[in-house]
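File shown here: work03.txt, holding compact mmCIF, C-alpha atoms (C1' of nucleotides).
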```txt
# COMPACT_ATOMS: atom_id res chain seq x y z
CA MET A 63 -41.28 33.53 2.85
CA ALA A 64 -40.57 36.80 4.57
CA ASP A 65 -42.55 35.71 7.60
CA THR A 66 -40.33 32.71 8.13
CA ASP A 67 -37.20 34.79 7.72
CA GLN A 68 -38.44 37.30 10.23
CA LEU A 69 -39.16 34.56 12.74
CA SER A 70 -35.75 33.06 12.15
CA ALA A 71 -34.14 36.45 12.61
CA VAL A 72 -35.91 36.93 15.92
CA PHE A 73 -35.09 33.48 17.32
CA SER A 74 -31.56 33.81 16.05
CA ALA A 75 -31.20 37.19 17.76
CA LEU A 76 -32.58 35.79 21.01
CA ALA A 77 -30.18 32.86 20.90
CA ASP A 78 -27.30 34.99 22.14
CA PRO A 79 -27.02 35.69 25.91
CA THR A 80 -25.37 39.05 25.35
CA ARG A 81 -28.22 40.17 23.13
CA ARG A 82 -30.78 38.99 25.68
CA ALA A 83 -28.90 40.98 28.32
CA ILE A 84 -29.08 44.04 26.09
CA LEU A 85 -32.81 43.59 25.61
CA ALA A 86 -33.28 43.19 29.35
CA GLU A 87 -31.35 46.41 29.88
CA LEU A 88 -33.58 48.20 27.41
CA THR A 89 -36.69 47.21 29.33
CA GLU A 90 -35.47 49.54 32.04
CA ARG A 91 -34.64 52.53 29.90
CA ASP A 92 -33.55 53.59 26.45
CA ALA A 93 -29.78 53.67 26.23
CA THR A 94 -26.83 54.71 24.14
CA VAL A 95 -24.28 52.27 22.79
CA SER A 96 -21.79 53.36 25.43
CA GLU A 97 -24.26 52.77 28.21
CA LEU A 98 -25.07 49.35 26.86
CA THR A 99 -21.40 48.48 26.49
CA ALA A 100 -20.37 49.53 30.01
CA PRO A 101 -21.65 46.49 31.93
CA LEU A 102 -20.61 44.03 29.23
CA PRO A 103 -17.24 42.28 29.00
CA ILE A 104 -16.84 42.98 25.29
CA SER A 105 -15.72 45.88 23.11
CA MET A 106 -17.97 48.55 21.70
CA PRO A 107 -17.62 47.34 18.11
CA ALA A 108 -18.85 43.96 19.27
CA VAL A 109 -21.85 45.57 20.94
CA SER A 110 -22.47 47.65 17.86
CA ARG A 111 -22.81 44.51 15.81
CA HIS A 112 -25.12 42.90 18.34
CA LEU A 113 -27.29 45.99 18.02
CA LYS A 114 -27.25 45.61 14.26
CA VAL A 115 -28.55 42.07 14.64
CA LEU A 116 -31.24 43.20 17.06
CA GLU A 117 -32.25 46.02 14.76
CA HIS A 118 -32.39 43.69 11.78
CA ALA A 119 -34.74 41.47 13.78
CA SER A 120 -36.80 44.58 14.55
CA LEU A 121 -36.24 44.02 18.25
CA ILE A 122 -34.82 47.49 18.72
CA SER A 123 -34.80 50.79 16.88
CA ARG A 124 -32.08 53.39 16.86
CA SER A 125 -32.19 57.13 16.51
CA ARG A 126 -29.64 59.90 16.58
CA ALA A 127 -29.62 62.26 19.50
CA GLY A 128 -26.83 64.66 18.77
CA LYS A 129 -23.57 62.87 19.27
CA TRP A 130 -25.28 59.80 20.62
CA ARG A 131 -27.29 56.98 19.14
CA VAL A 132 -30.17 55.97 21.34
CA CYS A 133 -31.43 52.41 21.33
CA ARG A 134 -35.01 51.58 22.16
CA LEU A 135 -36.72 48.28 22.70
CA GLU A 136 -39.23 47.35 20.00
CA ALA A 137 -40.90 44.22 21.27
CA ALA A 138 -43.48 43.97 18.49
CA SER A 139 -41.57 41.32 16.60
CA MET A 140 -41.14 39.34 19.79
CA ARG A 141 -44.84 38.82 19.69
CA ASP A 142 -44.48 36.78 16.50
CA ALA A 143 -42.04 34.51 18.28
CA ALA A 144 -44.36 34.28 21.28
CA ASP A 145 -47.32 33.46 19.04
CA TRP A 146 -45.35 30.77 17.27
CA ILE A 147 -44.24 29.12 20.47
CA GLU A 148 -47.70 29.47 21.93
CA ARG A 149 -49.02 26.85 19.56
CA TYR A 150 -46.96 24.30 21.44
CA ARG A 151 -48.31 25.23 24.82
CA ARG A 152 -50.68 22.31 25.02
CA PHE A 153 -47.73 19.98 24.50
CA TRP A 154 -46.09 21.10 27.69
CA ASP A 155 -49.28 21.85 29.55
CA ALA A 156 -50.45 18.34 28.84
CA SER A 157 -47.14 16.73 29.59
CA LEU A 158 -48.31 15.38 32.91
CA ASP A 159 -51.39 13.91 31.31
CA ARG A 160 -49.25 12.39 28.61
CA LEU A 161 -46.93 10.94 31.19
CA ASP A 162 -49.90 9.31 32.84
CA ALA A 163 -51.09 7.98 29.49
CA HIS A 164 -47.63 6.68 28.79
CA LEU A 165 -47.38 4.86 32.06
CA ALA A 166 -50.83 3.40 31.51
CA ALA A 167 -49.78 2.23 28.06
CA VAL A 168 -46.68 0.56 29.45
CA GLN A 169 -48.82 -1.11 32.05
CA ALA A 170 -51.24 -2.33 29.42
CA ALA A 171 -48.40 -3.60 27.26
CA ASP A 172 -47.09 -5.47 30.26
CA ASP A 173 -50.41 -7.21 30.71
CA ALA A 174 -51.17 -8.10 27.11
CA SER A 175 -47.56 -8.02 25.91
CA HIS A 176 -48.23 -8.97 22.25
CA ARG A 177 -48.57 -6.43 19.51
CA ALA A 178 -47.37 -5.90 15.95
CA GLY A 179 -43.68 -4.93 15.75
CA PRO A 180 -41.33 -4.37 18.65
CA ALA A 181 -43.22 -4.67 21.88
CA GLY A 182 -42.84 -2.73 25.07
CA HIS A 183 -42.02 0.58 23.44
CA PRO A 184 -43.32 4.04 24.08
CA ASP A 185 -45.48 4.64 21.06
CA GLU A 186 -48.63 3.33 19.51
CA GLU A 187 -50.59 5.99 21.30
CA GLN A 188 -49.70 9.60 21.16
CA GLN A 189 -50.82 13.16 21.15
CA MET B 217 -25.18 29.50 33.86
CA ALA B 218 -26.68 26.28 32.65
CA ASP B 219 -30.09 27.87 32.48
CA THR B 220 -28.86 30.47 30.07
CA ASP B 221 -27.18 27.85 27.92
CA GLN B 222 -30.37 25.86 27.77
CA LEU B 223 -32.31 28.93 26.71
CA SER B 224 -29.71 29.69 24.06
CA ALA B 225 -29.88 26.11 22.83
CA VAL B 226 -33.65 26.32 22.51
CA PHE B 227 -33.74 29.68 20.71
CA SER B 228 -30.88 28.56 18.53
CA ALA B 229 -32.71 25.38 17.62
CA LEU B 230 -35.87 27.32 16.81
CA ALA B 231 -33.97 29.74 14.60
CA ASP B 232 -33.85 27.24 11.75
CA PRO B 233 -36.96 26.89 9.52
CA THR B 234 -36.24 23.24 8.79
CA ARG B 235 -36.14 22.45 12.49
CA ARG B 236 -39.38 24.34 13.06
CA ALA B 237 -40.93 22.29 10.27
CA ILE B 238 -39.76 19.11 11.95
CA LEU B 239 -41.26 20.20 15.25
CA ALA B 240 -44.52 21.05 13.53
CA GLU B 241 -44.55 17.61 11.96
CA LEU B 242 -44.03 16.03 15.35
CA THR B 243 -47.08 17.78 16.75
CA GLU B 244 -49.13 15.53 14.48
CA ARG B 245 -47.48 12.22 15.29
CA ASP B 246 -44.27 10.63 16.42
CA ALA B 247 -42.10 9.86 13.43
CA THR B 248 -39.00 8.04 12.23
CA VAL B 249 -36.08 9.82 10.63
CA SER B 250 -37.14 8.57 7.21
CA GLU B 251 -40.63 9.88 7.69
CA LEU B 252 -39.29 13.25 8.74
CA THR B 253 -36.87 13.38 5.83
CA ALA B 254 -39.43 12.51 3.12
CA PRO B 255 -41.14 15.92 2.83
CA LEU B 256 -37.88 17.85 3.21
CA PRO B 257 -35.59 18.92 0.38
CA ILE B 258 -32.42 17.78 2.15
CA SER B 259 -30.58 14.53 2.71
CA MET B 260 -31.11 12.20 5.63
CA PRO B 261 -27.73 12.94 7.20
CA ALA B 262 -28.70 16.60 7.24
CA VAL B 263 -31.98 15.76 8.98
CA SER B 264 -30.14 13.52 11.38
CA ARG B 265 -28.05 16.44 12.48
CA HIS B 266 -31.05 18.71 12.84
CA LEU B 267 -32.51 16.06 15.11
CA LYS B 268 -29.33 16.04 17.13
CA VAL B 269 -29.64 19.77 17.64
CA LEU B 270 -33.29 19.44 18.65
CA GLU B 271 -32.45 16.63 21.03
CA HIS B 272 -29.63 18.64 22.56
CA ALA B 273 -32.11 21.45 23.18
CA SER B 274 -34.42 18.86 24.76
CA LEU B 275 -37.07 19.67 22.20
CA ILE B 276 -37.37 16.07 21.11
CA SER B 277 -36.45 12.65 22.44
CA ARG B 278 -35.48 9.61 20.45
CA SER B 279 -35.93 5.94 21.15
CA ARG B 280 -35.16 2.78 19.28
CA ALA B 281 -38.03 0.73 17.93
CA GLY B 282 -36.42 -2.22 16.29
CA LYS B 283 -34.81 -1.03 13.11
CA TRP B 284 -36.26 2.41 13.44
CA ARG B 285 -35.54 5.40 15.57
CA VAL B 286 -38.68 7.16 16.70
CA CYS B 287 -38.68 10.89 17.38
CA ARG B 288 -41.10 12.43 19.79
CA LEU B 289 -41.84 16.05 20.58
CA GLU B 290 -40.74 17.16 24.05
CA ALA B 291 -42.10 20.65 24.41
CA ALA B 292 -41.14 21.11 28.04
CA SER B 293 -38.05 23.15 27.24
CA MET B 294 -40.09 25.35 24.94
CA ARG B 295 -41.84 26.51 28.02
CA ASP B 296 -38.63 28.11 29.26
CA ALA B 297 -38.40 30.08 26.04
CA ALA B 298 -42.06 31.03 26.29
CA ASP B 299 -41.61 32.15 29.88
CA TRP B 300 -38.60 34.25 28.96
CA ILE B 301 -40.37 35.96 26.09
CA GLU B 302 -43.46 36.41 28.21
CA ARG B 303 -41.69 38.99 30.33
CA TYR B 304 -41.72 41.27 27.32
CA ARG B 305 -45.41 40.94 26.71
CA ARG B 306 -46.29 44.24 28.27
CA PHE B 307 -44.00 45.93 25.74
CA TRP B 308 -46.17 44.88 22.85
CA ASP B 309 -49.43 44.10 24.59
CA ALA B 310 -49.90 47.14 26.76
CA SER B 311 -49.01 49.99 24.48
CA LEU B 312 -50.56 52.47 26.89
CA ASP B 313 -48.40 51.16 29.65
CA ARG B 314 -45.35 51.53 27.51
CA LEU B 315 -46.28 54.97 26.34
CA ASP B 316 -46.75 56.02 29.95
CA ALA B 317 -43.36 54.62 30.88
CA HIS B 318 -41.76 56.43 28.01
CA LEU B 319 -43.36 59.72 28.83
CA ALA B 320 -42.44 59.31 32.46
CA ALA B 321 -38.85 58.62 31.48
CA VAL B 322 -38.70 61.66 29.27
CA GLN B 323 -40.27 63.73 32.02
CA ALA B 324 -37.80 62.47 34.59
CA ALA B 325 -34.86 63.12 32.31
CA ASP B 326 -36.22 66.56 31.65
CA ASP B 327 -36.70 67.46 35.30
CA ALA B 328 -33.49 66.20 36.78
CA SER B 329 -31.15 64.18 34.64
CA HIS B 330 -30.28 61.56 37.23
CA ARG B 331 -30.79 57.85 36.93
CA ALA B 332 -33.16 56.51 39.53
CA GLY B 333 -35.39 54.89 36.93
CA PRO B 334 -39.10 55.74 37.06
CA ALA B 335 -39.98 52.31 35.76
CA GLY B 336 -38.28 50.11 38.30
CA HIS B 337 -39.02 46.73 36.79
CA PRO B 338 -37.70 43.20 37.20
CA ASP B 339 -35.47 41.27 34.81
CA GLU B 340 -31.80 41.11 34.64
CA GLU B 341 -29.75 38.51 32.97
CA GLN B 342 -26.07 38.00 32.87
CA GLN B 343 -23.86 35.55 31.09
C1' DC C 167 -23.61 -15.87 8.06
C1' DC C 168 -24.22 -12.07 5.23
C1' DT C 169 -27.14 -8.93 3.16
C1' DT C 170 -30.42 -5.21 3.67
C1' DC C 171 -32.49 -1.45 5.85
C1' DA C 172 -32.47 2.67 8.89
C1' DC C 173 -29.71 5.63 10.54
C1' DT C 174 -25.34 7.93 12.20
C1' DT C 175 -20.63 9.54 11.76
C1' DA C 176 -16.69 11.22 9.07
C1' DA C 177 -14.74 14.31 5.98
C1' DC C 178 -15.11 18.23 3.18
C1' DG C 179 -16.28 23.07 1.56
C1' DA C 180 -19.09 27.28 1.68
C1' DT C 181 -20.80 30.58 4.66
C1' DG C 182 -22.02 32.78 9.08
C1' DT C 183 -21.01 34.20 13.88
C1' DC C 184 -18.45 36.44 17.44
C1' DG C 185 -14.60 38.40 19.18
C1' DT C 186 -10.51 41.46 18.44
C1' DT C 187 -7.82 46.05 16.96
C1' DA C 188 -7.26 49.85 13.72
C1' DA C 189 -9.18 53.08 10.69
C1' DA C 190 -13.22 55.79 9.05
C1' DT C 191 -17.48 58.52 9.86
C1' DG C 192 -20.16 62.08 11.80
C1' DT C 193 -21.49 65.42 15.26
C1' DA C 194 -20.03 68.93 18.98
C1' DA C 195 -17.10 71.92 20.99
C1' DT C 196 -12.91 74.79 20.87
C1' DA D 26 -10.41 74.45 10.90
C1' DT D 27 -8.98 71.35 14.48
C1' DT D 28 -9.79 68.51 18.02
C1' DA D 29 -12.50 65.41 20.77
C1' DC D 30 -16.13 62.18 21.36
C1' DA D 31 -19.53 58.42 20.03
C1' DT D 32 -20.19 55.02 17.06
C1' DT D 33 -19.56 52.30 12.86
C1' DT D 34 -16.97 49.85 9.33
C1' DA D 35 -12.97 47.17 7.80
C1' DA D 36 -9.93 43.48 8.23
C1' DC D 37 -8.60 39.49 10.46
C1' DG D 38 -8.76 34.81 12.94
C1' DA D 39 -11.17 31.15 15.58
C1' DC D 40 -14.87 28.42 15.53
C1' DA D 41 -19.87 26.93 14.53
C1' DT D 42 -23.46 25.85 11.10
C1' DC D 43 -25.53 23.71 7.12
C1' DG D 44 -25.31 21.27 3.24
C1' DT D 45 -23.10 17.43 0.54
C1' DT D 46 -21.29 12.29 -0.39
C1' DA D 47 -19.05 8.19 1.35
C1' DA D 48 -18.16 5.11 4.85
C1' DG D 49 -19.52 3.02 9.44
C1' DT D 50 -23.06 0.86 12.94
C1' DG D 51 -26.71 -2.09 14.57
C1' DA D 52 -30.97 -4.64 14.21
C1' DA D 53 -33.95 -7.83 10.88
C1' DG D 54 -34.43 -11.31 7.96
C1' DG D 55 -33.47 -14.56 4.26
```
Encoded form using structure tokens:
Amino acid sequence: MADTDQLSAVFSALADPTRRAILAELTERDATVSELTAPLPISMPAVSRHLKVLEHASLISRSRAGKWRVCRLEAASMRDAADWIERYRRFWDASLDRLDAHLAAVQAADDASHRAGPAGHPDEEQQ
Amino acid sequence: MADTDQLSAVFSALADPTRRAILAELTERDATVSELTAPLPISMPAVSRHLKVLEHASLISRSRAGKWRVCRLEAASMRDAADWIERYRRFWDASLDRLDAHLAAVQAADDASHRAGPAGHPDEEQQ
DNA sequence: CCTTCACTTAACGATGTCGTTAAATGTAAT
DNA sequence: ATTACATTTAACGACATCGTTAAGTGAAGG
């Protein structure tokens, strides 16, 4: 599935701190490879390959401007990642509620203490 | 920075389709390693290691229940990833905003090629 | 006890990542 | 044309990832 691959490419690209730094830089302004390399502690070939990864994930685009190659942020594919993660929102939004439920369950188990299987453990009620 | 490492761990964990499938499964119910392995085309040791990665990224937690080991979704760390990505929302959400910024940048570069930055926006990450 | 079940760890090989330096490419300027 | 500049590609080494099968753990149960 191309969709899955694209998502993997985006998450994979975002997994590297250097690449996230590059993306952050590009939110300020478009930049050449030299400009992007300057603040980083690595060589230009290394940066060039990071850019290749970012481009492959459609997170940036590159164009020639005379002698230079200008990089531009293309956040469209980041939206896919955001949308994917978004489906989990309720699982962290509701974490406090779930904690309450969990504590209540433990309390209940303490009172009635007998149940099928191993007692006193944090499941039986979820979601 | 530990924060950066955590973010990298989360994105890195999410980069793998199998791990995303496992997380999706865990949104339905807590599950044992066997239950998680069943629908997947890989061996249990392979799944076990995926679970280790997910646990290291704090995306799941594991607890013993007698003979079994129960995995539970812990989406809290996904929130960090969501928050990070969220800062890029305006770049895909507000196309007018972005177009304006671009035009302003071009204009500024045209007028006087010095770098004060017409955008002047937050963000900055370093490793 | 000693086996069985659920799972993890060890050991291995294929492949990918991330850095380096040196050589190639392509555009601009002399 | 030749040289200089910006960037990429090639070649290499160190280390991580992802799968496998085989051997360890630890709790359950005859």
> Got a sec: who's within 10 Å of Glu290 (chain B), counting all atoms listed in the file, leaving out chain neighbours fewer than 2 positions off, as a PyMOL selection string?
Replying inline: (chain A and resi 150+153-154+157) or (chain B and resi 239+242-243+270-271+273-278+287-288+292-294)
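What chain C places within 8 Å of chain B, counting all atoms listed in the file, is DC171, DA172, DC173 and DT174 of chain C.
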>> Taking all atoms listed in the file into account and nothing else, which residues of chain D lie no more than 9 Å away from chain A? Please answer as a ChimeraX atom specification.
In response: /D:30-33
>> For a quick test of understanding: name the residues of chain A lying within 6 Å of chain B when counting only C-alpha atoms, and present them as a ChimeraX atom specification.
In response: /A:70,73-74,77,83,86,137-138,153-154,180
Export C-alpha atoms of the chosen residues as a PDB file, in the coordinates of the input?
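Final output, saved to again_10.pdb:
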```pdb
ATOM      1  CA  SER A  70     -35.750  33.060  12.150  1.00  0.00           C
ATOM      2  CA  PHE A  73     -35.090  33.480  17.320  1.00  0.00           C
ATOM      3  CA  SER A  74     -31.560  33.810  16.050  1.00  0.00           C
ATOM      4  CA  ALA A  77     -30.180  32.860  20.900  1.00  0.00           C
ATOM      5  CA  ALA A  83     -28.900  40.980  28.320  1.00  0.00           C
ATOM      6  CA  ALA A  86     -33.280  43.190  29.350  1.00  0.00           C
ATOM      7  CA  ALA A 137     -40.900  44.220  21.270  1.00  0.00           C
ATOM      8  CA  ALA A 138     -43.480  43.970  18.490  1.00  0.00           C
ATOM      9  CA  PHE A 153     -47.730  19.980  24.500  1.00  0.00           C
ATOM     10  CA  TRP A 154     -46.090  21.100  27.690  1.00  0.00           C
ATOM     11  CA  PRO A 180     -41.330  -4.370  18.650  1.00  0.00           C
TER      12      PRO A 180
END
```
> Within 9 Å of (-19.9, 37.1, 20.8), in the coordinates the file gives, what residues turn up when you count only C-alpha atoms (C1' of nucleotides), written out as a ChimeraX atom specification?
Replying inline: /A:78-80,104,108-109,112 /C:183-185
> Using all atoms listed in the file, which of D:DA52, D:DA41, D:DA36, D:DA47 sits nearest DG182 (chain C)?
Replying inline: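 Between D:DA52, D:DA41, D:DA36, D:DA47, the residue approaching DG182 (chain C) most closely is D:DA41.
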> Mind listing as a PyMOL selection string all residues within 9 Å of (-9.8, 34.9, 13.9), counting all atoms listed in the file?
Replying inline: (chain C and resi 185-186) or (chain D and resi 37-40)
> In Å, how far is it from C1' of DT181 (chain C) to C1' of DC43 (chain D)?
Replying inline: 8.7 Å
>> For a test of reading the model, state the distance in Å between CA of Ala156 (chain A) and CA of Thr253 (chain B), rounded to one decimal.
In response: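 Atom-to-atom, CA of Ala156 (chain A) to CA of Thr253 (chain B), that is 27.2 Å.
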> What is the distance between CA of Leu256 (chain B) and CA of Arg235 (chain B), in Å to one decimal?
Replying inline: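 Going from CA of Leu256 (chain B) over to CA of Arg235 (chain B), I get 10.5 Å.
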